[in-house]
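K.L.:
Sharing query.cif here; it has mmCIF, C-alpha atoms.
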data_query
loop_
_atom_site.label_atom_id
_atom_site.label_comp_id
_atom_site.auth_asym_id
_atom_site.auth_seq_id
_atom_site.Cartn_x
_atom_site.Cartn_y
_atom_site.Cartn_z
CA MET U 1 -127.87 -20.50 31.82
CA SER U 2 -124.60 -19.06 33.09
CA ARG U 3 -125.53 -19.48 36.74
CA GLU U 4 -126.34 -23.17 36.22
CA ILE U 5 -122.96 -23.79 34.60
CA ASN U 6 -121.14 -22.07 37.46
CA GLU U 7 -122.96 -24.17 40.06
CA HIS U 8 -122.10 -27.41 38.30
CA THR U 9 -118.37 -26.80 38.06
CA ALA U 10 -117.37 -24.74 41.07
CA GLY U 11 -113.61 -24.40 41.57
CA GLU U 12 -112.56 -24.58 37.94
CA ASP U 13 -110.76 -21.89 35.95
CA LEU U 14 -112.95 -18.83 35.38
CA LEU U 15 -110.92 -17.68 32.39
CA ILE U 16 -111.43 -20.92 30.43
CA LYS U 17 -115.10 -21.14 31.34
CA THR U 18 -115.85 -17.56 30.28
CA SER U 19 -113.90 -17.70 27.03
CA VAL U 20 -115.44 -21.04 26.04
CA ARG U 21 -118.91 -19.72 26.81
CA LEU U 22 -118.20 -16.77 24.49
CA MET U 23 -116.58 -18.87 21.76
CA VAL U 24 -119.08 -21.74 21.40
CA PRO U 25 -121.92 -19.75 19.72
CA PHE U 26 -119.50 -18.27 17.17
CA ILE U 27 -117.99 -21.69 16.42
CA GLN U 28 -121.49 -23.07 15.81
CA LEU U 29 -122.35 -20.11 13.59
CA PHE U 30 -119.16 -20.69 11.57
CA GLY U 31 -120.02 -24.40 11.24
CA LEU U 32 -123.49 -23.57 9.92
CA TYR U 33 -121.92 -21.04 7.51
CA VAL U 34 -119.52 -23.69 6.20
CA ILE U 35 -122.37 -26.19 5.68
CA VAL U 36 -124.68 -23.68 3.98
CA HIS U 37 -121.99 -22.25 1.68
CA GLY U 38 -120.50 -25.68 1.01
CA HIS U 39 -121.56 -26.03 -2.60
CA TYR U 40 -119.89 -22.92 -3.98
CA SER U 41 -116.95 -22.27 -1.67
CA PRO U 42 -114.39 -24.43 0.16
CA GLY U 43 -116.02 -26.45 2.87
CA GLY U 44 -119.14 -28.54 2.90
CA GLY U 45 -121.16 -30.90 5.01
CA PHE U 46 -118.24 -32.90 6.39
CA GLN U 47 -116.11 -29.95 7.45
CA GLY U 48 -119.07 -27.99 8.83
CA GLY U 49 -120.25 -31.03 10.73
CA VAL U 50 -116.82 -31.49 12.27
CA ILE U 51 -116.79 -27.81 13.32
CA LEU U 52 -120.28 -28.13 14.86
CA GLY U 53 -119.19 -31.26 16.70
CA ALA U 54 -115.99 -29.54 17.86
CA ALA U 55 -118.11 -26.84 19.54
CA PHE U 56 -119.77 -29.46 21.75
CA ILE U 57 -116.43 -31.24 22.31
CA LEU U 58 -114.98 -27.90 23.48
CA LEU U 59 -117.92 -27.55 25.87
CA ALA U 60 -117.26 -31.06 27.19
CA ILE U 61 -113.53 -30.36 27.67
CA ALA U 62 -113.92 -26.97 29.35
CA PHE U 63 -116.81 -27.92 31.62
CA ASP U 64 -117.89 -31.53 32.00
CA LEU U 65 -119.43 -34.31 29.98
CA LYS U 66 -122.70 -33.74 31.87
CA ILE U 67 -122.90 -30.10 30.72
CA SER U 68 -122.42 -31.02 27.07
CA GLN U 69 -125.01 -33.77 27.45
CA LYS U 70 -127.41 -31.19 28.88
CA TYR U 71 -127.20 -29.07 25.73
CA MET U 72 -127.00 -32.07 23.38
CA PRO U 73 -128.80 -35.01 25.05
CA VAL U 74 -127.78 -38.55 24.05
CA THR U 75 -131.18 -39.31 22.50
CA VAL U 76 -131.20 -36.06 20.49
CA ASN U 77 -127.66 -36.85 19.34
CA ALA U 78 -128.72 -40.30 18.11
CA LEU U 79 -131.76 -38.69 16.44
CA PHE U 80 -129.50 -36.22 14.57
CA CYS U 81 -127.24 -39.09 13.47
CA ASN U 82 -130.14 -41.04 11.96
CA LEU U 83 -131.88 -37.93 10.61
CA GLY U 84 -128.80 -36.97 8.62
CA ALA U 85 -128.49 -40.40 7.02
CA CYS U 86 -132.24 -40.41 6.28
CA ILE U 87 -132.01 -36.97 4.60
CA PHE U 88 -129.15 -38.18 2.40
CA ILE U 89 -130.83 -41.44 1.39
CA GLY U 90 -134.26 -39.78 1.20
CA VAL U 91 -133.14 -37.14 -1.29
CA GLY U 92 -131.42 -39.78 -3.40
CA VAL U 93 -134.35 -42.17 -3.41
CA LEU U 94 -136.81 -39.32 -4.04
CA CYS U 95 -134.85 -38.40 -7.17
CA ALA U 96 -135.11 -42.01 -8.33
CA LEU U 97 -138.82 -42.19 -7.52
CA VAL U 98 -139.81 -39.16 -9.61
CA GLY U 99 -138.08 -40.56 -12.66
CA GLY U 100 -134.40 -39.63 -12.53
CA LEU U 101 -131.33 -41.52 -11.39
CA PHE U 102 -130.19 -41.92 -7.76
CA LEU U 103 -129.12 -38.44 -6.52
CA ASP U 104 -130.04 -36.90 -9.90
CA TYR U 105 -131.29 -33.57 -8.53
CA SER U 106 -132.61 -32.19 -11.80
CA ALA U 107 -135.36 -34.86 -11.69
CA LEU U 108 -136.83 -33.14 -8.62
CA ASP U 109 -137.93 -30.36 -10.98
CA ARG U 110 -140.97 -32.52 -11.82
CA LEU U 111 -141.97 -32.54 -8.15
CA LEU U 112 -141.65 -28.79 -7.55
CA PRO U 113 -140.89 -26.71 -10.66
CA LEU U 114 -138.14 -24.31 -9.59
CA GLY U 115 -135.88 -24.87 -12.57
CA GLU U 116 -133.28 -27.60 -13.11
CA ILE U 117 -130.26 -25.40 -12.32
CA GLU U 118 -131.84 -24.25 -9.05
CA TRP U 119 -132.59 -27.85 -8.09
CA HIS U 120 -128.96 -28.80 -8.71
CA SER U 121 -127.94 -26.16 -6.14
CA PHE U 122 -130.75 -26.93 -3.68
CA GLY U 123 -130.36 -30.73 -3.90
CA ILE U 124 -126.65 -30.63 -3.08
CA PHE U 125 -127.51 -28.28 -0.18
CA LEU U 126 -129.97 -30.86 1.24
CA VAL U 127 -127.39 -33.64 0.93
CA GLU U 128 -124.72 -31.48 2.60
CA LEU U 129 -127.17 -30.77 5.44
CA GLY U 130 -127.65 -34.51 5.99
CA VAL U 131 -123.90 -35.16 5.92
CA GLY U 132 -123.35 -32.30 8.39
CA PHE U 133 -125.89 -33.64 10.92
CA THR U 134 -124.47 -37.17 10.79
CA VAL U 135 -120.83 -36.08 11.07
CA MET U 136 -121.62 -33.70 13.96
CA SER U 137 -123.33 -36.36 16.05
CA SER U 138 -120.72 -39.01 15.18
CA MET U 139 -117.89 -36.72 16.32
CA ILE U 140 -119.68 -35.88 19.58
CA LEU U 141 -120.43 -39.57 20.22
CA LEU U 142 -116.81 -40.54 19.48
CA TYR U 143 -115.52 -38.02 22.00
CA TRP U 144 -118.07 -38.99 24.67
CA ASN U 145 -117.16 -42.67 24.36
CA LEU U 146 -113.39 -42.10 24.17
CA SER U 147 -113.16 -39.71 27.11
CA SER U 148 -115.35 -41.74 29.47
CA GLY U 149 -114.28 -45.25 28.48
CA GLY U 150 -117.68 -46.05 26.97
CA ALA U 151 -119.69 -45.23 30.11
CA MET U 152 -120.66 -41.69 28.95
CA ASP U 153 -121.14 -40.51 32.54
CA GLU U 154 -118.11 -38.33 33.34
CA GLY U 155 -115.42 -36.85 31.14
CA LEU U 156 -111.71 -36.17 31.45
CA MET Y 157 -96.92 -22.62 -6.39
CA ILE Y 158 -93.60 -21.50 -4.95
CA TRP Y 159 -91.22 -24.44 -4.86
CA GLN Y 160 -89.00 -22.94 -2.15
CA LEU Y 161 -92.01 -22.70 0.20
CA ASP Y 162 -93.08 -26.25 -0.76
CA LEU Y 163 -89.60 -27.57 0.04
CA MET Y 164 -89.51 -25.76 3.38
CA ILE Y 165 -92.92 -27.07 4.49
CA LEU Y 166 -92.12 -30.60 3.23
CA THR Y 167 -88.86 -30.62 5.23
CA LEU Y 168 -90.78 -29.60 8.35
CA VAL Y 169 -93.38 -32.33 7.64
CA VAL Y 170 -90.66 -34.99 7.44
CA ILE Y 171 -89.03 -33.70 10.64
CA CYS Y 172 -92.40 -33.79 12.43
CA ALA Y 173 -93.09 -37.34 11.21
CA LEU Y 174 -89.70 -38.55 12.46
CA VAL Y 175 -90.25 -36.85 15.83
CA VAL Y 176 -93.70 -38.49 16.18
CA ILE Y 177 -92.23 -41.94 15.54
CA ASN Y 178 -89.28 -41.52 17.91
CA LEU Y 179 -90.94 -39.71 20.83
CA LYS Y 180 -91.56 -41.89 23.93
CA ASP Y 181 -94.01 -39.46 25.54
CA LEU Y 182 -97.40 -40.25 23.98
CA LEU Y 183 -98.97 -36.89 24.90
CA GLY Y 184 -96.08 -35.05 23.28
CA ALA Y 185 -96.28 -37.32 20.24
CA SER Y 186 -99.97 -36.53 19.76
CA VAL Y 187 -99.27 -32.80 19.99
CA VAL Y 188 -96.47 -33.07 17.41
CA PHE Y 189 -98.87 -35.12 15.26
CA GLY Y 190 -101.25 -32.14 15.40
CA ILE Y 191 -98.41 -29.92 14.19
CA TYR Y 192 -97.76 -32.44 11.38
CA SER Y 193 -101.43 -32.23 10.34
CA PHE Y 194 -101.34 -28.46 10.36
CA LEU Y 195 -98.19 -28.40 8.20
CA MET Y 196 -99.90 -30.78 5.74
CA CYS Y 197 -102.84 -28.34 5.74
CA LEU Y 198 -100.47 -25.46 4.92
CA LEU Y 199 -98.90 -27.51 2.13
CA TRP Y 200 -102.25 -28.34 0.54
CA ALA Y 201 -103.49 -24.76 0.82
CA GLU Y 202 -100.28 -23.58 -0.82
CA MET Y 203 -100.70 -26.11 -3.64
CA GLY Y 204 -104.23 -24.85 -4.34
CA ALA Y 205 -106.32 -27.69 -2.85
CA VAL Y 206 -108.27 -25.48 -0.46
CA ASP Y 207 -111.03 -28.01 0.21
CA VAL Y 208 -108.57 -30.75 1.21
CA ALA Y 209 -106.69 -28.24 3.34
CA PHE Y 210 -109.92 -27.30 5.12
CA THR Y 211 -110.68 -30.96 5.84
CA GLU Y 212 -107.15 -31.50 7.14
CA ALA Y 213 -107.37 -28.43 9.38
CA THR Y 214 -110.69 -29.45 10.96
CA VAL Y 215 -110.26 -33.22 11.16
CA GLY Y 216 -106.51 -33.73 11.29
CA ALA Y 217 -105.30 -30.81 13.36
CA GLY Y 218 -108.52 -30.22 15.30
CA VAL Y 219 -110.60 -33.22 16.25
CA SER Y 220 -108.19 -36.14 15.85
CA THR Y 221 -105.65 -34.51 18.19
CA ILE Y 222 -108.42 -34.21 20.80
CA PHE Y 223 -109.33 -37.86 20.24
CA PHE Y 224 -105.70 -38.96 20.69
CA ILE Y 225 -105.39 -36.96 23.90
CA ALA Y 226 -108.69 -38.34 25.22
CA ALA Y 227 -107.52 -41.87 24.46
CA ILE Y 228 -104.06 -41.31 26.01
CA LEU Y 229 -105.50 -39.95 29.26
CA LYS Y 230 -107.42 -43.24 29.62
CA THR Y 231 -104.18 -45.24 29.27
CA THR Y 232 -100.67 -44.51 30.59
CA ARG Y 233 -98.77 -41.53 29.28
CA TRP Y 234 -95.41 -43.15 28.52
CA SER Y 235 -94.83 -45.90 25.95
CA LYS Y 236 -93.45 -49.12 27.44
CA ASP Y 237 -90.90 -50.13 24.79
#
Would you mind writing the structure in this file as structure tokens?
P.N.:
Amino acid sequence: MSREINEHTAGEDLLIKTSVRLMVPFIQLFGLYVIVHGHYSPGGGFQGGVILGAAFILLAIAFDLKISQKYMPVTVNALFCNLGACIFIGVGVLCALVGGLFLDYSALDRLLPLGEIEWHSFGIFLVELGVGFTVMSSMILLYWNLSSGGAMDEGL
Amino acid sequence: MIWQLDLMILTLVVICALVVINLKDLLGASVVFGIYSFLMCLLWAEMGAVDVAFTEATVGAGVSTIFFIAAILKTTRWSKD
């Protein structure tokens, strides 16, 4: 992995490349932490999704748009965007289908009896996950389009 | 809530806003706008709205500054008026 990155961007600053390569996994881990702990601590799907997207934006700034598109291809990015929205709407509609209101998580207890309080916690976690996916891919797509003038071939 | 700290941060926020409006260099203005967002984040965290402060820190100070800089590098750096 590291040798491929060095071949693609020969002649750029070693310090920035190395530090970004070390930082990106920890930024992604922090983003996942913020999403997963969103329902009982500050943070949530939106903030965690922005942090996850910022990791890929950092990769695109420090290396190239091509490198960030290698680790997050355009089709996978679009898939994440739609998957997040589908998770959000799917959880809401599923709650309505099993007899509750839209996004009424306690109704999901009839589908899988875990307890109504547990479903309140787990349902908001699923919704936060969907929000996080959609926000992450939207932020990455915004940066790709802004920095390349809509062509999405080469960055700044 | 400490009102002296609130007043200090609010003064800095107003100064940053005035600097953003009056600066001719767009790159500098976007950087000062990032400082403005971070000061708003400090103000909200100090007032107890930690969730709003978190959103402001990630979106306002983090990603939107990057978006401004990416947009400015596709145009010219100095404002024409």
K.L.:
Give one line per residue of chain Y that approaches chain U to at most 12 Å, naming the two atoms of the closest pair and their distance in Å to one decimal, counting all atoms listed in the file; sort by chain then ascending residue number and deliver it as JSON lines.
P.N.:
{"residue": "Y:Ala201", "atom": "CA", "partner": "U:Pro42", "partner_atom": "CA", "distance": 10.9}
{"residue": "Y:Gly204", "atom": "CA", "partner": "U:Pro42", "partner_atom": "CA", "distance": 11.1}
{"residue": "Y:Ala205", "atom": "CA", "partner": "U:Pro42", "partner_atom": "CA", "distance": 9.2}
{"residue": "Y:Val206", "atom": "CA", "partner": "U:Pro42", "partner_atom": "CA", "distance": 6.2}
{"residue": "Y:Asp207", "atom": "CA", "partner": "U:Pro42", "partner_atom": "CA", "distance": 4.9}
{"residue": "Y:Val208", "atom": "CA", "partner": "U:Pro42", "partner_atom": "CA", "distance": 8.7}
{"residue": "Y:Ala209", "atom": "CA", "partner": "U:Pro42", "partner_atom": "CA", "distance": 9.2}
{"residue": "Y:Phe210", "atom": "CA", "partner": "U:Gly43", "partner_atom": "CA", "distance": 6.6}
{"residue": "Y:Thr211", "atom": "CA", "partner": "U:Gln47", "partner_atom": "CA", "distance": 5.8}
{"residue": "Y:Glu212", "atom": "CA", "partner": "U:Gln47", "partner_atom": "CA", "distance": 9.1}
{"residue": "Y:Ala213", "atom": "CA", "partner": "U:Gln47", "partner_atom": "CA", "distance": 9.1}
{"residue": "Y:Thr214", "atom": "CA", "partner": "U:Gln47", "partner_atom": "CA", "distance": 6.5}
{"residue": "Y:Val215", "atom": "CA", "partner": "U:Val50", "partner_atom": "CA", "distance": 6.9}
{"residue": "Y:Gly216", "atom": "CA", "partner": "U:Val50", "partner_atom": "CA", "distance": 10.6}
{"residue": "Y:Ala217", "atom": "CA", "partner": "U:Val50", "partner_atom": "CA", "distance": 11.6}
{"residue": "Y:Gly218", "atom": "CA", "partner": "U:Ala54", "partner_atom": "CA", "distance": 7.9}
{"residue": "Y:Val219", "atom": "CA", "partner": "U:Ala54", "partner_atom": "CA", "distance": 6.7}
{"residue": "Y:Ser220", "atom": "CA", "partner": "U:Met139", "partner_atom": "CA", "distance": 9.7}
{"residue": "Y:Thr221", "atom": "CA", "partner": "U:Tyr143", "partner_atom": "CA", "distance": 11.1}
{"residue": "Y:Ile222", "atom": "CA", "partner": "U:Tyr143", "partner_atom": "CA", "distance": 8.1}
{"residue": "Y:Phe223", "atom": "CA", "partner": "U:Tyr143", "partner_atom": "CA", "distance": 6.4}
{"residue": "Y:Phe224", "atom": "CA", "partner": "U:Leu146", "partner_atom": "CA", "distance": 9.0}
{"residue": "Y:Ile225", "atom": "CA", "partner": "U:Ser147", "partner_atom": "CA", "distance": 8.8}
{"residue": "Y:Ala226", "atom": "CA", "partner": "U:Ser147", "partner_atom": "CA", "distance": 5.0}
{"residue": "Y:Ala227", "atom": "CA", "partner": "U:Leu146", "partner_atom": "CA", "distance": 5.9}
{"residue": "Y:Ile228", "atom": "CA", "partner": "U:Ser147", "partner_atom": "CA", "distance": 9.3}
{"residue": "Y:Leu229", "atom": "CA", "partner": "U:Leu156", "partner_atom": "CA", "distance": 7.6}
{"residue": "Y:Lys230", "atom": "CA", "partner": "U:Ser147", "partner_atom": "CA", "distance": 7.2}
{"residue": "Y:Thr231", "atom": "CA", "partner": "U:Gly149", "partner_atom": "CA", "distance": 10.1}
K.L.:
Env of stretch 182-187 of chain Y: 6 Å cut, atoms = all atoms listed in the file, seq-sep filter 6 positions within chain, self excluded. Answer as a PyMOL selection string.
P.N.:
chain Y and resi 176+233-234
K.L.:
Using all atoms listed in the file, determine which residues lie at most 10 Å from U:Cys86, disregarding the query and same-chain residues fewer than 5 positions distant; provide the list as a list in words.
P.N.:
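What passes the distance filter is Phe80, Cys81, Val91, Gly92, Val127, Gly130, Val131 and Thr134 of chain U.
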K.L.:
What gap, in Å, lies between atom CA of Y:Ala173 and atom CA of U:Leu141?
P.N.:
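Distance reported for this atom pair: 28.9 Å.
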K.L.:
Using only C-alpha atoms, determine which residues lie at most 9 Å from U:Ser68, disregarding the query and same-chain residues fewer than 4 positions distant; provide the list as a list in words.
P.N.:
Phe56, Ile57, Leu58, Leu59, Ala60, Ile61, Phe63, Asp64, Met72 and Pro73 of chain U
K.L.:
Go ahead and save the picked residues with C-alpha atoms, as a tab-separated table (two decimals), in the coordinates of the input.
P.N.:
chain	number	residue	atom	x	y	z
U	56	PHE	CA	-119.77	-29.46	21.75
U	57	ILE	CA	-116.43	-31.24	22.31
U	58	LEU	CA	-114.98	-27.90	23.48
U	59	LEU	CA	-117.92	-27.55	25.87
U	60	ALA	CA	-117.26	-31.06	27.19
U	61	ILE	CA	-113.53	-30.36	27.67
U	63	PHE	CA	-116.81	-27.92	31.62
U	64	ASP	CA	-117.89	-31.53	32.00
U	72	MET	CA	-127.00	-32.07	23.38
U	73	PRO	CA	-128.80	-35.01	25.05
K.L.:
So, counting all atoms listed in the file, which residue among Y:Leu179, Y:Leu174, Y:Leu166, Y:Asp237 is closest to Y:Cys197?
P.N.:
Y:Leu166
K.L.:
Write out as an MDAnalysis selection string the residues lying within 12 Å of Y:Leu163, counting all atoms listed in the file and excluding same-chain residues fewer than 4 positions away.
P.N.:
chainID Y and resid 157:159 167:170 195 199 202:203
K.L.:
Using only C-alpha atoms, which residues sit within 9 Å of U:Val93 once same-chain residues fewer than 6 positions away are excluded, as a count of residues only?
P.N.:
3
K.L.:
One decimal, Å: what's the distance from atom CA of U:Trp119 over to atom CA of U:Ala107, could you say?
P.N.:
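Computing the Euclidean distance for atom CA of U:Trp119 and atom CA of U:Ala107 yields 8.4 Å.
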K.L.:
Go ahead and compute the interatomic distance for atom CA of U:Met23 and atom CA of Y:Ile191, in Å to one decimal.
P.N.:
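About the pair atom CA of U:Met23 and atom CA of Y:Ile191: they are 22.6 Å apart.
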K.L.:
With 5 Å added on each side, what axis-aligned box encloses every listed atom of stretch 118-124 of chain U? Give the centre and edge lengths in Å to one decimal, as lines of an AutoDock Vina configuration file.
P.N.:
center_x = -129.6
center_y = -27.5
center_z = -6.1
size_x = 15.9
size_y = 16.5
size_z = 16.0
K.L.:
With the PyMOL selection byres ((chain U and resi 17) around 9) as the selection, what would be picked from this file? Answer as a PyMOL selection string, please.
P.N.:
chain U and resi 5-6+12-16+18-22+59+62-63
K.L.:
Can you complete the atoms of stretch 90-103 of chain U to N, CA, C and O atoms and list them as a PDB file, keeping the file's coordinate frame?
P.N.:
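Below is the file that was written, out.pdb:
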ATOM      1  N   GLY U  90    -132.939 -40.207   1.634  1.00  0.00           N
ATOM      2  CA  GLY U  90    -134.260 -39.780   1.200  1.00  0.00           C
ATOM      3  C   GLY U  90    -134.208 -38.935  -0.050  1.00  0.00           C
ATOM      4  O   GLY U  90    -135.002 -39.141  -0.972  1.00  0.00           O
ATOM      5  N   VAL U  91    -133.266 -37.981  -0.097  1.00  0.00           N
ATOM      6  CA  VAL U  91    -133.140 -37.140  -1.290  1.00  0.00           C
ATOM      7  C   VAL U  91    -132.767 -37.987  -2.495  1.00  0.00           C
ATOM      8  O   VAL U  91    -133.334 -37.838  -3.593  1.00  0.00           O
ATOM      9  N   GLY U  92    -131.834 -38.929  -2.282  1.00  0.00           N
ATOM     10  CA  GLY U  92    -131.420 -39.780  -3.400  1.00  0.00           C
ATOM     11  C   GLY U  92    -132.539 -40.643  -3.924  1.00  0.00           C
ATOM     12  O   GLY U  92    -132.756 -40.737  -5.141  1.00  0.00           O
ATOM     13  N   VAL U  93    -133.275 -41.278  -2.987  1.00  0.00           N
ATOM     14  CA  VAL U  93    -134.350 -42.170  -3.410  1.00  0.00           C
ATOM     15  C   VAL U  93    -135.496 -41.379  -4.026  1.00  0.00           C
ATOM     16  O   VAL U  93    -136.125 -41.834  -4.986  1.00  0.00           O
ATOM     17  N   LEU U  94    -135.745 -40.163  -3.485  1.00  0.00           N
ATOM     18  CA  LEU U  94    -136.810 -39.320  -4.040  1.00  0.00           C
ATOM     19  C   LEU U  94    -136.512 -38.967  -5.499  1.00  0.00           C
ATOM     20  O   LEU U  94    -137.413 -38.963  -6.350  1.00  0.00           O
ATOM     21  N   CYS U  95    -135.242 -38.671  -5.783  1.00  0.00           N
ATOM     22  CA  CYS U  95    -134.850 -38.400  -7.170  1.00  0.00           C
ATOM     23  C   CYS U  95    -135.139 -39.597  -8.059  1.00  0.00           C
ATOM     24  O   CYS U  95    -135.616 -39.452  -9.189  1.00  0.00           O
ATOM     25  N   ALA U  96    -134.852 -40.816  -7.527  1.00  0.00           N
ATOM     26  CA  ALA U  96    -135.110 -42.010  -8.330  1.00  0.00           C
ATOM     27  C   ALA U  96    -136.594 -42.250  -8.499  1.00  0.00           C
ATOM     28  O   ALA U  96    -137.053 -42.720  -9.548  1.00  0.00           O
ATOM     29  N   LEU U  97    -137.393 -41.909  -7.468  1.00  0.00           N
ATOM     30  CA  LEU U  97    -138.820 -42.190  -7.520  1.00  0.00           C
ATOM     31  C   LEU U  97    -139.552 -41.312  -8.530  1.00  0.00           C
ATOM     32  O   LEU U  97    -140.508 -41.752  -9.158  1.00  0.00           O
ATOM     33  N   VAL U  98    -139.101 -40.046  -8.674  1.00  0.00           N
ATOM     34  CA  VAL U  98    -139.810 -39.160  -9.610  1.00  0.00           C
ATOM     35  C   VAL U  98    -139.287 -39.302 -11.034  1.00  0.00           C
ATOM     36  O   VAL U  98    -139.662 -38.524 -11.904  1.00  0.00           O
ATOM     37  N   GLY U  99    -138.411 -40.261 -11.281  1.00  0.00           N
ATOM     38  CA  GLY U  99    -138.080 -40.560 -12.660  1.00  0.00           C
ATOM     39  C   GLY U  99    -136.643 -40.355 -13.070  1.00  0.00           C
ATOM     40  O   GLY U  99    -136.280 -40.681 -14.189  1.00  0.00           O
ATOM     41  N   GLY U 100    -135.793 -39.812 -12.158  1.00  0.00           N
ATOM     42  CA  GLY U 100    -134.400 -39.630 -12.530  1.00  0.00           C
ATOM     43  C   GLY U 100    -133.553 -40.778 -12.047  1.00  0.00           C
ATOM     44  O   GLY U 100    -134.049 -41.860 -11.754  1.00  0.00           O
ATOM     45  N   LEU U 101    -132.240 -40.542 -11.963  1.00  0.00           N
ATOM     46  CA  LEU U 101    -131.330 -41.520 -11.390  1.00  0.00           C
ATOM     47  C   LEU U 101    -131.186 -41.241  -9.895  1.00  0.00           C
ATOM     48  O   LEU U 101    -131.718 -40.259  -9.378  1.00  0.00           O
ATOM     49  N   PHE U 102    -130.454 -42.135  -9.187  1.00  0.00           N
ATOM     50  CA  PHE U 102    -130.190 -41.920  -7.760  1.00  0.00           C
ATOM     51  C   PHE U 102    -129.329 -40.674  -7.590  1.00  0.00           C
ATOM     52  O   PHE U 102    -128.277 -40.552  -8.212  1.00  0.00           O
ATOM     53  N   LEU U 103    -129.784 -39.725  -6.753  1.00  0.00           N
ATOM     54  CA  LEU U 103    -129.120 -38.440  -6.520  1.00  0.00           C
ATOM     55  C   LEU U 103    -129.023 -37.581  -7.790  1.00  0.00           C
ATOM     56  O   LEU U 103    -128.099 -36.802  -7.952  1.00  0.00           O
TER      57      LEU U 103
END
